[in-house]
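In what follows, a single structure is set out as structure tokens and then discussed.
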Amino acid sequence: MPMMIQEMMWTRPPQQAMAKNTFSSEFRNIDVDQYNEDNYKDDDGEPQSPPIGVDEATIVSLMNAGNHADALKLLLANAPVASKGKNEQAKDMALNLVLKVLLSVNKSQMDQIISSLDKTQLDVLMKYIYRGFERPSEGSSAILLIWHEKVYNAGGVGCIVRVLTDRKRV
Amino acid sequence: MSATLRPYLNAVRHTLSAAMCLHNFNSQVVERHNKPEVEVRSSKELLMTAVVVSRNEKEKVLIEPSINSIRISISIKQADDIERILCHKFMRFMMMRAENFIILRRKPVQGYDISFLITNFHTEQMFKHKLVDFVIHFMEEIDKEISEMKLAVNARARECAMEYLKRF
């Protein structure tokens, strides 16, 4: 008799016991890989505040003074680089300014400007050129193509490879 | 307009040479599988920045590199309806025979007319610089062929119309 009572305490009505286990298959939809500690995270510890982009007025005044080289250098030095998806707004504003400067420079000045840039600035410039290609407007691609060729001549294949592999996009 | 053709093709060539550094890489997700990562897109760290080279608003090339594969999508210039139809049929013709083409993708990427998928196995069997040469040559020839076809269509239409109207 005592055995039977014990058994009755441990067993539940069959329907409840079985159903709880197999009815719901929600667990199959969970992506277990995201909880894996080895997972690659794009930005490891990047709470740094984005560098304040250059303000438009400075750039416009430099351009009006004909000083495109300095305008470009300023923009390249303060480019808001971050991994994909972060800081998009600042990136877009910076892109507009850079494109404005790039499209207003004439061919004769390009060589001079490029020779005055160092390796990192060339890489950032190349990133901007590719982003400029993504939104073609009248005649913009033609000028960007010339820029691309000249920067390639200065930076080599490595410049393009760094654009492709750098996780910090511009 | 044709002044941009040479720089455009050069830019594409340089970008392709830079992007076509492919390496064998087994799938991280499924054991014993080897998939082109640019198609699977399962792990962020294996994909590189996708890049566009455009000649104008209509013509552009999208290059999506990854560790073991690269996807090249081309958007071809189509000025009017005839060219649109010709281009579409021509691309369809080639894509149906994609197996013989080896590096062609059966469906173009959304927004483009034709796509190539080159994996590390292709670069192991074929010369990298020759593959790049091929893609550039393809881009040059397509425009010429479509113009030729358009002229042929117009010439044929004129002949037919003349023959028909001779009766009246």
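Order determines the names: the first chain of the structure tokens is A, the second B, and so forth; residues in each chain are numbered 1 upward, and ligands are numbered 1 upward as they are shown.
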
> Taking only C-alpha atoms into account, which residues of chain B are within 6 Å of chain A, as a ChimeraX atom specification?
Replying inline: /B:4,7,18,48-49,52-57

> Please, which residues of chain A, numbered as in this document, come out alpha helix (DSSP H) from DSSP, as an MDAnalysis selection string?
Replying inline: chainID A and resid 2:10 14:22 56:64 68:77 88:104 107:115 119:134 140:155 157:165

Selected residues written out with C-alpha atoms, as a short mmCIF file (atom, residue, chain, number, x, y, z; two decimals), in the first residue's frame:
```
data_model
loop_
_atom_site.label_atom_id
_atom_site.label_comp_id
_atom_site.auth_asym_id
_atom_site.auth_seq_id
_atom_site.Cartn_x
_atom_site.Cartn_y
_atom_site.Cartn_z
CA PRO A 2 2.62 2.62 0.88
CA MET A 3 4.48 1.79 -2.35
CA MET A 4 1.41 2.50 -4.40
CA ILE A 5 0.88 5.88 -2.82
CA GLN A 6 4.46 6.77 -3.48
CA GLU A 7 4.11 5.81 -7.11
CA MET A 8 0.99 7.90 -7.37
CA MET A 9 2.85 10.87 -6.02
CA TRP A 10 5.52 10.69 -8.69
CA PRO A 14 -0.06 10.94 -18.96
CA GLN A 15 -1.47 13.75 -21.08
CA GLN A 16 0.15 16.53 -19.07
CA ALA A 17 3.53 14.87 -18.78
CA MET A 18 3.94 14.01 -22.43
CA ALA A 19 2.33 17.12 -23.90
CA LYS A 20 4.55 19.49 -22.04
CA ASN A 21 7.60 17.90 -23.52
CA THR A 22 6.70 17.45 -27.15
CA GLU A 56 30.09 72.55 -43.07
CA ALA A 57 30.83 76.24 -42.85
CA THR A 58 34.58 75.67 -42.51
CA ILE A 59 34.60 73.46 -45.57
CA VAL A 60 32.56 75.87 -47.65
CA SER A 61 34.79 78.77 -46.71
CA LEU A 62 37.91 76.78 -47.58
CA MET A 63 36.43 75.78 -50.91
CA ASN A 64 35.44 79.33 -51.73
CA HIS A 68 40.50 72.37 -51.84
CA ALA A 69 43.56 70.52 -50.60
CA ASP A 70 43.13 71.66 -47.04
CA ALA A 71 39.38 71.10 -47.10
CA LEU A 72 39.96 67.54 -48.23
CA LYS A 73 42.68 66.89 -45.66
CA LEU A 74 40.48 68.20 -42.89
CA LEU A 75 37.62 65.95 -43.95
CA LEU A 76 39.85 62.90 -44.29
CA ALA A 77 41.46 63.45 -40.91
CA GLU A 88 25.32 56.25 -40.14
CA GLN A 89 24.12 59.81 -39.85
CA ALA A 90 27.53 61.33 -39.26
CA LYS A 91 28.92 59.16 -42.04
CA ASP A 92 26.32 60.39 -44.50
CA MET A 93 26.93 64.03 -43.65
CA ALA A 94 30.66 63.58 -43.99
CA LEU A 95 30.16 61.76 -47.29
CA ASN A 96 28.17 64.65 -48.73
CA LEU A 97 30.88 67.12 -47.82
CA VAL A 98 33.66 64.97 -49.20
CA LEU A 99 31.80 64.43 -52.46
CA LYS A 100 31.24 68.14 -52.76
CA VAL A 101 34.96 68.79 -52.45
CA LEU A 102 35.98 65.91 -54.73
CA LEU A 103 33.63 66.95 -57.50
CA SER A 104 34.74 70.55 -57.44
CA LYS A 107 42.08 67.58 -62.94
CA SER A 108 45.21 69.65 -62.75
CA GLN A 109 44.97 70.01 -59.01
CA MET A 110 44.24 66.33 -58.34
CA ASP A 111 47.82 65.13 -58.71
CA GLN A 112 49.06 67.80 -56.39
CA ILE A 113 46.50 67.01 -53.71
CA ILE A 114 47.12 63.29 -53.90
CA SER A 115 50.86 63.61 -53.59
CA LYS A 119 49.00 56.36 -46.70
CA THR A 120 46.13 56.37 -44.22
CA GLN A 121 44.56 59.41 -45.82
CA LEU A 122 44.79 57.74 -49.23
CA ASP A 123 42.94 54.73 -47.84
CA VAL A 124 40.16 56.87 -46.41
CA LEU A 125 39.97 58.77 -49.69
CA MET A 126 39.61 55.52 -51.59
CA LYS A 127 36.80 54.49 -49.25
CA TYR A 128 35.01 57.73 -49.99
CA ILE A 129 35.51 57.27 -53.73
CA TYR A 130 33.82 53.89 -53.60
CA ARG A 131 30.98 55.26 -51.53
CA GLY A 132 30.64 58.05 -54.06
CA PHE A 133 30.20 55.46 -56.79
CA GLU A 134 27.17 54.13 -54.97
CA SER A 140 29.97 62.52 -60.82
CA SER A 141 31.07 59.04 -61.79
CA ALA A 142 33.33 60.33 -64.53
CA ILE A 143 35.23 62.54 -62.09
CA LEU A 144 35.29 59.81 -59.47
CA LEU A 145 36.74 57.44 -62.03
CA ILE A 146 39.60 59.85 -62.64
CA TRP A 147 40.12 60.18 -58.90
CA HIS A 148 40.09 56.39 -58.58
CA GLU A 149 42.77 56.00 -61.21
CA LYS A 150 45.03 58.60 -59.66
CA VAL A 151 44.64 57.29 -56.14
CA TYR A 152 45.32 53.78 -57.43
CA ASN A 153 48.51 54.97 -59.08
CA ALA A 154 49.58 56.46 -55.78
CA GLY A 155 48.32 53.78 -53.41
CA VAL A 157 46.41 47.45 -55.15
CA GLY A 158 46.95 47.49 -51.39
CA CYS A 159 44.86 50.62 -51.13
CA ILE A 160 41.87 48.84 -52.64
CA VAL A 161 42.46 45.71 -50.56
CA ARG A 162 42.40 47.78 -47.39
CA VAL A 163 39.10 49.32 -48.44
CA LEU A 164 37.61 45.86 -48.94
CA THR A 165 38.89 44.31 -45.74
#
```

>> Report, in Å with one decimal, the straight-line distance from CA of Leu131 (chain B) to CA of Val38 (chain B).
In response: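 CA of Val38 (chain B) lies 18.0 Å from CA of Leu131 (chain B).
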
> Looking only at the backbone, which of the residues in region 57-156 of chain B does DSSP tag as strand (DSSP E), as number ranges by chain?
Replying inline: B: 60-65, 69-75, 114-119

>> Need the shell around Ile85 (chain B): protein/DNA/RNA residues with any atom at most 12 Å away, counting only C-alpha atoms. Skip same-chain ones fewer than 4 positions apart. Format as a PyMOL selection string?
In response: chain B and resi 78-81+89-92+113+146+149-150+153

>> Which residues are near Val61 (chain B)? Cut-off 12 Å, only C-alpha atoms, ignore same chain within fewer than 6 positions. Put them as a PyMOL selection string.
In response: (chain A and resi 130+133-134) or (chain B and resi 8-9+11-13+15-16+50-55+71-77+109+111-116+135-136+139)

Same residues, C-alpha atoms, output as a short mmCIF file (atom, residue, chain, number, x, y, z; two decimals), in the first residue's frame:
```
data_model
loop_
_atom_site.label_atom_id
_atom_site.label_comp_id
_atom_site.auth_asym_id
_atom_site.auth_seq_id
_atom_site.Cartn_x
_atom_site.Cartn_y
_atom_site.Cartn_z
CA TYR A 130 33.82 53.89 -53.60
CA PHE A 133 30.20 55.46 -56.79
CA GLU A 134 27.17 54.13 -54.97
CA TYR B 8 35.61 52.51 -65.93
CA LEU B 9 37.05 49.23 -67.16
CA ALA B 11 38.73 50.73 -62.21
CA VAL B 12 36.78 47.48 -62.42
CA ARG B 13 39.93 45.58 -63.34
CA THR B 15 39.08 46.30 -57.98
CA LEU B 16 38.66 42.75 -59.24
CA ALA B 50 30.75 45.12 -50.99
CA VAL B 51 31.87 47.75 -53.45
CA VAL B 52 30.25 49.44 -56.45
CA VAL B 53 32.02 50.91 -59.46
CA SER B 54 29.70 52.99 -61.57
CA ARG B 55 30.17 54.66 -64.93
CA ARG B 71 30.17 37.69 -56.67
CA ILE B 72 30.29 40.17 -59.54
CA SER B 73 27.01 41.66 -60.72
CA ILE B 74 26.85 43.81 -63.83
CA SER B 75 24.20 46.30 -64.79
CA ILE B 76 24.23 46.80 -68.55
CA LYS B 77 23.36 49.98 -70.38
CA VAL B 109 21.44 39.58 -58.16
CA GLY B 111 18.84 45.08 -59.40
CA TYR B 112 21.43 43.84 -61.88
CA ASP B 113 21.36 42.08 -65.23
CA ILE B 114 23.89 39.31 -64.87
CA SER B 115 26.01 37.87 -62.09
CA PHE B 116 29.20 35.85 -61.87
CA VAL B 135 35.09 39.64 -67.04
CA ILE B 136 36.40 42.89 -68.50
CA MET B 139 31.67 43.80 -70.26
#
```

> CA of Ile102 (chain B) to CA of Asn120 (chain B): how many Å, to one decimal?
Replying inline: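 Calculated distance between CA of Ile102 (chain B) and CA of Asn120 (chain B) is 12.7 Å.
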
> Looking at B:Pro65, B:Arg158, B:Glu148, B:Thr119, which one is nearest to Lys35 (chain B), with distances taken over only C-alpha atoms?
Replying inline: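 For Lys35 (chain B), the nearest of the candidates is B:Thr119.
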